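Down below is the structure, laid out as structure tokens.
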Amino acid sequence: MTDPDSRPDPDALVRRAHAEEGREHRARLRVFFGFAPGVGKTYRMLQVARERAIEQKVDVVAGIVETHGRAETEALLEGLDVLPRRKVEYRGRALDELDLDAALARRPGLLLLDELAHTNVHGSRHAKRWQDALELLDAGIDVFTTVNVQHVESLNDVVAQITGIQVRETIPDSILDRADEIELVDIAPEELLARLREGKVYLPEQAKRAAAHFFQRGNLLALRELALRRTAERVDVDMREYREQHGVITPWPAGERILVCISPAPSSGRLLRAAARMAAGLRAPWVAAYVASPAAKAPSEADRARLEAHLRLAETLGGAVTRLSGASISEALLRYARKHNVTRIIIGKPTHSRLRDRLRGSLLDEVVRGSGDVDVLVISGSESAETAPAPPELPKESARPVMYGSAVLLVAATTVLAAAVRAIYPVPDLEVLYVLCVMLAAVRFGRGPSILASILAVACYDFFFVPPFHTFDVADAKYLLTFAMMLGVGLLLSALTARIRRQEQDARHREAQTAALYDLSRDLAAADDTGAVASAVAGHAEQVFEAAAHVLQSRADGALQAVAVAPAAASLDTADLAVARWAFEHARPSGLGTDTLPGSKVVCAPLSVRGAPLGVLVLAPKSATPLGAEQRAFLDAFCRQAAFAFERVRLTSEANSAALRAKTEEMRSSLLSAVSHDLRTPLSAITGSATALRDDGGLGETTRAELLDSICEEAERLERLVANLLDMTRLEAGPVALKRAWVPLEELVGSALTRLERKLGDRPVNVTFPEALALLSVDPVLFEQVFINLFENAARYTPPGSPIEVVARGEPGGVVVEVADAGPGLAAGSESRIFEKFYRGGHTTAVGAGLGLAICKAIVEAHGGTIAAENRASGGANFRIRVPIPSGAPQVAAHVEEARP
């Protein structure tokens, strides 16, 4: 019978199929990886590229290849198409960069892109060359590139510690993960130093400085080890993928991996230390595994505490921890070992009697027999090994005696029922009723009561229904088999029920954790600022971990402050803040139940993304007991989700700030463009007219009058422009203090028309107001400016002599005024944009800064009104203003229908 756990995971198969399909259709990236400059990465890249060009007829183009004057490297470049570089002026120098647009237009089959970590010149499309490579890959172009180990982002601090030099140009680790192939280009450090002395790496003066600093033999040895390890990690990933794709279950001992099986037994501590020593000697990774079997007896509180201590010890010793589950402990261990290519399994020597192995099976024997090519090491453990202190005994559940009593009553009721059935109908198989009774006891009351029910069922059946009756003697030996079957079925049912109950509890526990993370992610997705995110995190943490929760973040002065506190949480004292500060600075958990400050009453978990601290979650458990290993793992997932939410809010804020800066810069450019033009035009006219009056004394009276009129008109125009700018600045500075007064609408319109009499010329203005129009409660000076700007706008954008119509009407709670013209109307889709600052629609040649309508909108809205624009059916634009009228407004009896010639 096939073990269902050994079947392939359908979801994993689907993901693998999608990944393989994606790899087949995407462009390929090959990285030539080295531990220092001069190891021959560019040379090797050119060798492989030439082989592709000659053997596979691939269209190879050299985008950026740095030969550094090496003759042998330049020789390999001959015969390949070289993409001309783009010249970029920067600080008075002409620098060469990749011509990305030319590469995309050329679309070669393979592009060579040397020095992937290079920083592009300011003004390039991308800040880094690896971003150019990603765009080329997205365009379907294969890329060959070179990288040194010191440029890998995750190793940057390690390289700085080794060499004392901080490398500024780095690439994200995701680029190496994206690479389809990584080829290590390696030589001995001695050979590299010889190349350095011969001038094959740097020029002589530069080579001397490099040999005294970066190119020391110790540095090169350490960097070489880093490069080998980083490449080995990638090879390991590739090997695992290959094994999964081809269904390889036997381990390949390409590298040592150790698996140690632990349990709540005290001897597990010795096993962990032995595994750590062996892994250190082999320089191999190791994992501590605990298997939770539903068939096993539920561990006591003392066993749970001891197991948690063992798991913490494994983490302290540098091992990974995994929790497995399965009906068979040996099968779960071997399945994990095969999947993760484990080469050695460490297991404890059995200390129980041989009889137990014969009755229940031997774990050691099962592991050894099923291990195949995996080595199994059996190590003795000391029963006196240090263990975690046993917790105080908890009071037993009051329901357990009731369950046993209920099982007894259930058997008694079944006996009465069987007797009644036998009295009415001569049924020969009454034992079936007792089997049903045992099943009900197992489902309802659990394992112990069901075992008691099994024993009592056999006894009652024998006593009441097996001749001779009312004795435990058995006249017919065939009933012994019946008794054995009844007892065996009862015991089996009790074991199966216990297993199902355990699986049900585990499933409910996992479902509760999943639901908690789902609820958290839902609330975090709805949070749009730091405070909302912190409140959601604190609230959910209090419910999930049953602890008072605080979320702390760093202030500008570096001190931690609470940004969210759960409702039931007390304030943190100085000691708690010190624990939180340590967790924040070191990006590691601290406090209760951890290796750092374990005596604290709080546990602090950092909220960080890619090592950058964003805050700290502080939990004060109500029971003052440390979190278990499973709870710590769940807390880690909880904090990661919270940290991603904080990062999202931060990035959103930065994006909004960047968008605001871009908008501000755009507006500043528009303002400078518009204002500089509109200020220069009247100033030029004024200067020209004034100069003519000053320099030419023979001008006639008519010419002098025209020049003076021009000066006055342009000065008025300049005054209006400056006034508009000042009005816009004042309106945007904050709430405007309105000096309201009750004024008739015709007075505001008439005053505006009077001020623009020369501007409007002979243009007819038709004004129609109804009788008894309510007075307006407005600031007369500001609201008159609304009509001035509207009339000026109509005069500017409509043909000379075309009419302007002003129509007003009353409506409940307000007055509506419409100003219409007979011009070309508004461009489609610009009805709302024309009220934006500096927007002049399609009339880019029109005079003005594009502020008039923006000022109208700001003034009307300051009065609580609205303004909108639309095109008229008969042609032209119509501006509709609605002004609210407060209750109790005085009325004026007036009827105005006038036509201004």
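Convention: chains lettered A, B, ... in structure tokens order; per-chain residue numbering from 1; ligands numbered from 1 as shown.
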Residues of stretch 673-842 of chain A in strand (DSSP E), written as a list in words: Ala741, Trp742, Val743, Val765, Asn766, Val767, Thr768, Phe769, Leu776, Ser777, Val778, Ile804, Glu805, Val806, Val807, Ala808, Arg809, Gly810, Glu811, Gly814, Val815, Val816, Val817, Glu818, Val819, Ala820 and Asp821 of chain A
Prev. selection, C-alpha atoms, output as a short mmCIF file (atom, residue, chain, number, x, y, z; two decimals), in the first residue's frame:
data_model
loop_
_atom_site.label_atom_id
_atom_site.label_comp_id
_atom_site.auth_asym_id
_atom_site.auth_seq_id
_atom_site.Cartn_x
_atom_site.Cartn_y
_atom_site.Cartn_z
CA ALA A 741 -22.01 92.23 3.93
CA TRP A 742 -25.51 92.07 2.45
CA VAL A 743 -25.12 93.41 -1.08
CA VAL A 765 -23.28 92.65 -22.18
CA ASN A 766 -26.86 91.46 -21.54
CA VAL A 767 -27.79 91.32 -17.84
CA THR A 768 -31.07 89.66 -16.72
CA PHE A 769 -32.05 89.49 -13.06
CA LEU A 776 -25.92 88.07 -1.20
CA SER A 777 -23.98 87.66 2.03
CA VAL A 778 -20.47 87.94 0.58
CA ILE A 804 -21.67 88.33 -22.95
CA GLU A 805 -24.78 87.26 -21.06
CA VAL A 806 -25.28 87.45 -17.29
CA VAL A 807 -28.39 85.64 -15.99
CA ALA A 808 -29.37 85.14 -12.35
CA ARG A 809 -32.16 83.20 -10.68
CA GLY A 810 -33.15 82.29 -7.19
CA GLU A 811 -33.51 78.76 -5.90
CA GLY A 814 -29.23 80.14 -2.74
CA VAL A 815 -28.76 82.19 -5.88
CA VAL A 816 -27.45 80.92 -9.21
CA VAL A 817 -25.57 83.27 -11.55
CA GLU A 818 -24.55 82.29 -15.07
CA VAL A 819 -21.97 84.13 -17.17
CA ALA A 820 -22.03 82.98 -20.80
CA ASP A 821 -20.14 83.99 -23.91
#
DSSP helix (DSSP H, G or I) selection over stretch 139-189 of chain A, as a ChimeraX atom specification: /A:149-151,153-163,173-178,189
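Picture a line from atom CA of A:Gly34 to atom CA of A:Leu228; it runs 8.9 Å.
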Point-to-point distance in Å for atom CA of A:Met45 and atom CA of A:Ile187: 15.3 Å
Non-local contacts of stretch 853-859 of chain A (7 Å; only C-alpha atoms; under 5 positions in same chain excluded) as a ChimeraX atom specification: /A:728,731,782-783,786,789,834-837,867
Once you have the residues from the selection above, write them out as a JSON list (two decimals), in the first residue's frame, restricted to all heavy atoms.
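Writing the result to result29.json gives the following:
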[["chain", "number", "residue", "atom", "x", "y", "z"],
["A", 728, "MET", "N", -3.86, 84.76, -5.30],
["A", 728, "MET", "CA", -3.73, 83.31, -5.26],
["A", 728, "MET", "C", -2.90, 82.88, -4.07],
["A", 728, "MET", "O", -3.21, 81.90, -3.38],
["A", 728, "MET", "CB", -3.08, 82.83, -6.56],
["A", 728, "MET", "CG", -3.26, 81.35, -6.84],
["A", 728, "MET", "SD", -4.96, 80.95, -7.28],
["A", 728, "MET", "CE", -5.46, 79.97, -5.87],
["A", 731, "LEU", "N", -5.06, 83.29, -0.93],
["A", 731, "LEU", "CA", -6.12, 82.30, -0.83],
["A", 731, "LEU", "C", -5.57, 80.93, -0.46],
["A", 731, "LEU", "O", -6.24, 80.13, 0.20],
["A", 731, "LEU", "CB", -6.89, 82.22, -2.15],
["A", 731, "LEU", "CG", -7.75, 83.44, -2.49],
["A", 731, "LEU", "CD1", -8.26, 83.34, -3.91],
["A", 731, "LEU", "CD2", -8.91, 83.55, -1.51],
["A", 782, "LEU", "N", -13.94, 90.82, -2.63],
["A", 782, "LEU", "CA", -13.51, 89.56, -3.21],
["A", 782, "LEU", "C", -14.48, 89.08, -4.29],
["A", 782, "LEU", "O", -14.07, 88.62, -5.36],
["A", 782, "LEU", "CB", -13.38, 88.49, -2.12],
["A", 782, "LEU", "CG", -12.18, 88.60, -1.17],
["A", 782, "LEU", "CD1", -12.22, 87.51, -0.11],
["A", 782, "LEU", "CD2", -10.87, 88.50, -1.95],
["A", 783, "PHE", "N", -15.79, 89.17, -4.01],
["A", 783, "PHE", "CA", -16.73, 88.61, -4.97],
["A", 783, "PHE", "C", -16.81, 89.45, -6.25],
["A", 783, "PHE", "O", -17.10, 88.92, -7.33],
["A", 783, "PHE", "CB", -18.12, 88.47, -4.35],
["A", 783, "PHE", "CG", -18.77, 87.16, -4.68],
["A", 783, "PHE", "CD1", -18.49, 86.03, -3.94],
["A", 783, "PHE", "CD2", -19.61, 87.05, -5.77],
["A", 783, "PHE", "CE1", -19.06, 84.82, -4.27],
["A", 783, "PHE", "CE2", -20.19, 85.84, -6.10],
["A", 783, "PHE", "CZ", -19.91, 84.71, -5.34],
["A", 786, "VAL", "N", -14.48, 88.03, -8.67],
["A", 786, "VAL", "CA", -14.94, 86.86, -9.40],
["A", 786, "VAL", "C", -15.51, 87.28, -10.76],
["A", 786, "VAL", "O", -15.16, 86.73, -11.80],
["A", 786, "VAL", "CB", -16.00, 86.09, -8.58],
["A", 786, "VAL", "CG1", -16.61, 84.96, -9.42],
["A", 786, "VAL", "CG2", -15.38, 85.52, -7.31],
["A", 789, "ASN", "N", -12.81, 88.68, -13.17],
["A", 789, "ASN", "CA", -12.03, 87.63, -13.82],
["A", 789, "ASN", "C", -12.84, 86.90, -14.89],
["A", 789, "ASN", "O", -12.33, 86.56, -15.96],
["A", 789, "ASN", "CB", -11.52, 86.63, -12.79],
["A", 789, "ASN", "CG", -10.44, 87.21, -11.90],
["A", 789, "ASN", "OD1", -9.96, 88.32, -12.13],
["A", 789, "ASN", "ND2", -10.05, 86.48, -10.87],
["A", 834, "ILE", "N", -9.98, 73.61, -16.20],
["A", 834, "ILE", "CA", -9.76, 75.05, -16.43],
["A", 834, "ILE", "C", -9.69, 75.82, -15.13],
["A", 834, "ILE", "O", -9.22, 76.96, -15.11],
["A", 834, "ILE", "CB", -10.85, 75.64, -17.34],
["A", 834, "ILE", "CG1", -12.22, 75.47, -16.67],
["A", 834, "ILE", "CG2", -10.83, 75.01, -18.71],
["A", 834, "ILE", "CD1", -13.32, 76.18, -17.42],
["A", 835, "PHE", "N", -10.12, 75.21, -14.02],
["A", 835, "PHE", "CA", -10.04, 75.89, -12.73],
["A", 835, "PHE", "C", -8.72, 75.58, -12.00],
["A", 835, "PHE", "O", -8.54, 76.02, -10.87],
["A", 835, "PHE", "CB", -11.22, 75.49, -11.84],
["A", 835, "PHE", "CG", -12.55, 75.94, -12.37],
["A", 835, "PHE", "CD1", -13.41, 75.05, -12.99],
["A", 835, "PHE", "CD2", -12.94, 77.27, -12.27],
["A", 835, "PHE", "CE1", -14.63, 75.47, -13.49],
["A", 835, "PHE", "CE2", -14.16, 77.70, -12.76],
["A", 835, "PHE", "CZ", -15.02, 76.79, -13.38],
["A", 836, "GLU", "N", -7.83, 74.83, -12.64],
["A", 836, "GLU", "CA", -6.52, 74.58, -12.05],
["A", 836, "GLU", "C", -5.59, 75.75, -12.33],
["A", 836, "GLU", "O", -5.72, 76.45, -13.33],
["A", 836, "GLU", "CB", -5.91, 73.29, -12.64],
["A", 836, "GLU", "CG", -6.71, 72.04, -12.32],
["A", 836, "GLU", "CD", -6.09, 70.81, -12.96],
["A", 836, "GLU", "OE1", -5.03, 70.95, -13.61],
["A", 836, "GLU", "OE2", -6.67, 69.72, -12.83],
["A", 837, "LYS", "N", -4.63, 75.93, -11.43],
["A", 837, "LYS", "CA", -3.68, 77.03, -11.58],
["A", 837, "LYS", "C", -2.81, 76.82, -12.81],
["A", 837, "LYS", "O", -2.38, 75.70, -13.10],
["A", 837, "LYS", "CB", -2.80, 77.15, -10.33],
["A", 837, "LYS", "CG", -3.56, 77.52, -9.08],
["A", 837, "LYS", "CD", -2.63, 77.78, -7.92],
["A", 837, "LYS", "CE", -1.89, 76.53, -7.46],
["A", 837, "LYS", "NZ", -2.80, 75.53, -6.89],
["A", 867, "ILE", "N", -18.67, 76.55, -8.31],
["A", 867, "ILE", "CA", -18.57, 77.12, -9.64],
["A", 867, "ILE", "C", -18.26, 75.98, -10.60],
["A", 867, "ILE", "O", -17.47, 75.08, -10.28],
["A", 867, "ILE", "CB", -17.50, 78.22, -9.71],
["A", 867, "ILE", "CG1", -17.47, 78.85, -11.11],
["A", 867, "ILE", "CG2", -16.14, 77.70, -9.32],
["A", 867, "ILE", "CD1", -16.58, 80.09, -11.20]]
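Residues within 10 Å of A:Arg273, counting only C-alpha atoms and excluding same-chain residues fewer than 6 positions away, are A:Ala279, A:Leu313, A:Ala314, A:Leu317.
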Selected residues written out with N, CA, C and O atoms, as a compact mmCIF listing (two decimals), in the first residue's frame:
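Saved the output as selection-v3.txt:
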# COMPACT_ATOMS: atom_id res chain seq x y z
N ALA A 279 28.60 18.85 13.28
CA ALA A 279 28.37 19.80 12.19
C ALA A 279 29.50 20.82 12.11
O ALA A 279 29.92 21.21 11.01
N LEU A 313 17.61 25.16 22.84
CA LEU A 313 19.03 24.80 22.85
C LEU A 313 19.53 24.58 21.43
O LEU A 313 20.65 25.00 21.08
N ALA A 314 18.72 23.94 20.58
CA ALA A 314 19.13 23.72 19.19
C ALA A 314 19.34 25.05 18.48
O ALA A 314 20.32 25.22 17.73
N LEU A 317 22.59 26.62 19.64
CA LEU A 317 23.78 25.96 19.11
C LEU A 317 23.96 26.17 17.62
O LEU A 317 24.93 25.68 17.04
Test item: residues at most 9 Å from A:Val152, only C-alpha atoms, excluding those fewer than 5 positions along its chain, as a ChimeraX atom specification: /A:117,147,169-173,176
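Minimum atom-to-atom distances from A:Val158, A:Leu113, A:Val649, A:Ala102 to A:Trp130 were compared using only C-alpha atoms, and the lowest value belongs to A:Leu113.
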Given only C-alpha atoms as the counted atoms, nearest of A:Arg257, A:Pro108, A:Leu440, A:Asp186 to A:Asp375: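 Of all the options, A:Arg257 lies closest to A:Asp375.
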Residues within 6 Å of stretch 574-585 of chain A, only C-alpha atoms, excluding chain neighbours under 5 positions, as a VMD selection string: chain A and resid 590 604 606
Distance in Å - atom CA of A:Leu707 versus atom CA of A:Leu851: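 Calculated distance between atom CA of A:Leu707 and atom CA of A:Leu851 is 28.4 Å.
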Would you list the contacts of A:Glu366 as an mmCIF file with all heavy atoms, in the first residue's frame, taking every protein, DNA or RNA residue within 10 Å and counting only C-alpha atoms, but skipping same-chain residues closer than 3 positions in sequence?
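What landed in part.cif:
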data_model
loop_
_atom_site.group_PDB
_atom_site.id
_atom_site.type_symbol
_atom_site.label_atom_id
_atom_site.label_comp_id
_atom_site.auth_asym_id
_atom_site.auth_seq_id
_atom_site.Cartn_x
_atom_site.Cartn_y
_atom_site.Cartn_z
ATOM 1 N N SER A 328 3.652 7.706 11.506
ATOM 2 C CA SER A 328 4.867 6.958 11.856
ATOM 3 C C SER A 328 6.018 7.946 12.022
ATOM 4 O O SER A 328 6.311 8.727 11.114
ATOM 5 C CB SER A 328 5.184 5.933 10.772
ATOM 6 O OG SER A 328 6.446 5.352 10.995
ATOM 7 N N ILE A 329 6.660 7.903 13.171
ATOM 8 C CA ILE A 329 7.776 8.807 13.432
ATOM 9 C C ILE A 329 8.924 8.520 12.473
ATOM 10 O O ILE A 329 9.549 9.434 11.917
ATOM 11 C CB ILE A 329 8.238 8.682 14.897
ATOM 12 C CG1 ILE A 329 7.114 9.113 15.843
ATOM 13 C CG2 ILE A 329 9.494 9.506 15.145
ATOM 14 C CD1 ILE A 329 7.452 8.953 17.303
ATOM 15 N N SER A 330 9.218 7.250 12.252
ATOM 16 C CA SER A 330 10.336 6.905 11.375
ATOM 17 C C SER A 330 10.073 7.352 9.943
ATOM 18 O O SER A 330 10.976 7.871 9.274
ATOM 19 C CB SER A 330 10.572 5.392 11.420
ATOM 20 O OG SER A 330 9.406 4.696 10.984
ATOM 21 N N GLU A 331 8.839 7.154 9.454
ATOM 22 C CA GLU A 331 8.516 7.575 8.092
ATOM 23 C C GLU A 331 8.637 9.090 7.945
ATOM 24 O O GLU A 331 9.127 9.587 6.927
ATOM 25 C CB GLU A 331 7.110 7.115 7.719
ATOM 26 C CG GLU A 331 7.001 5.643 7.388
ATOM 27 C CD GLU A 331 7.821 5.277 6.162
ATOM 28 O OE1 GLU A 331 7.903 6.094 5.231
ATOM 29 O OE2 GLU A 331 8.406 4.186 6.148
ATOM 30 N N LEU A 334 12.425 9.948 7.816
ATOM 31 C CA LEU A 334 13.067 9.531 6.565
ATOM 32 C C LEU A 334 12.548 10.349 5.380
ATOM 33 O O LEU A 334 13.308 10.656 4.461
ATOM 34 C CB LEU A 334 12.822 8.042 6.335
ATOM 35 C CG LEU A 334 13.512 7.110 7.350
ATOM 36 C CD1 LEU A 334 13.065 5.678 7.150
ATOM 37 C CD2 LEU A 334 15.027 7.219 7.227
ATOM 38 N N GLY A 361 7.074 -1.929 18.431
ATOM 39 C CA GLY A 361 7.980 -1.642 17.341
ATOM 40 C C GLY A 361 9.139 -0.772 17.792
ATOM 41 O O GLY A 361 9.030 0.012 18.740
ATOM 42 N N SER A 362 10.264 -0.896 17.117
ATOM 43 C CA SER A 362 11.470 -0.161 17.481
ATOM 44 C C SER A 362 11.687 0.986 16.497
ATOM 45 O O SER A 362 11.812 0.757 15.281
ATOM 46 C CB SER A 362 12.677 -1.108 17.480
ATOM 47 O OG SER A 362 13.875 -0.375 17.609
ATOM 48 N N LEU A 363 11.720 2.206 17.010
ATOM 49 C CA LEU A 363 11.989 3.371 16.164
ATOM 50 C C LEU A 363 13.367 3.269 15.533
ATOM 51 O O LEU A 363 13.543 3.538 14.337
ATOM 52 C CB LEU A 363 11.864 4.648 16.992
ATOM 53 C CG LEU A 363 12.280 5.947 16.293
ATOM 54 C CD1 LEU A 363 11.403 6.225 15.084
ATOM 55 C CD2 LEU A 363 12.254 7.121 17.273
ATOM 56 N N ARG A 369 16.479 0.446 9.000
ATOM 57 C CA ARG A 369 16.059 -0.360 7.857
ATOM 58 C C ARG A 369 15.592 0.502 6.685
ATOM 59 O O ARG A 369 15.753 0.126 5.528
ATOM 60 C CB ARG A 369 14.949 -1.317 8.272
ATOM 61 C CG ARG A 369 15.419 -2.427 9.192
ATOM 62 C CD ARG A 369 14.293 -3.380 9.549
ATOM 63 N NE ARG A 369 14.764 -4.441 10.415
ATOM 64 C CZ ARG A 369 15.324 -5.562 9.979
ATOM 65 N NH1 ARG A 369 15.496 -5.749 8.673
ATOM 66 N NH2 ARG A 369 15.723 -6.494 10.819
ATOM 67 N N GLY A 370 14.997 1.660 6.967
ATOM 68 C CA GLY A 370 14.483 2.501 5.887
ATOM 69 C C GLY A 370 15.430 3.594 5.444
ATOM 70 O O GLY A 370 15.112 4.367 4.543
ATOM 71 N N SER A 371 16.617 3.661 6.043
ATOM 72 C CA SER A 371 17.520 4.782 5.766
ATOM 73 C C SER A 371 18.191 4.690 4.416
ATOM 74 O O SER A 371 18.604 5.707 3.845
ATOM 75 C CB SER A 371 18.576 4.885 6.868
ATOM 76 O OG SER A 371 19.331 3.678 6.928
#
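Proximity ranking of A:Gly40, A:Pro799, A:Pro886, A:Gly864 relative to A:Glu183 places A:Gly40 first, based on only C-alpha atoms.
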Given only C-alpha atoms as the counted atoms, nearest of A:Leu491, A:Ala305, A:Arg312, A:Ile175 to A:Ser154: A:Ile175
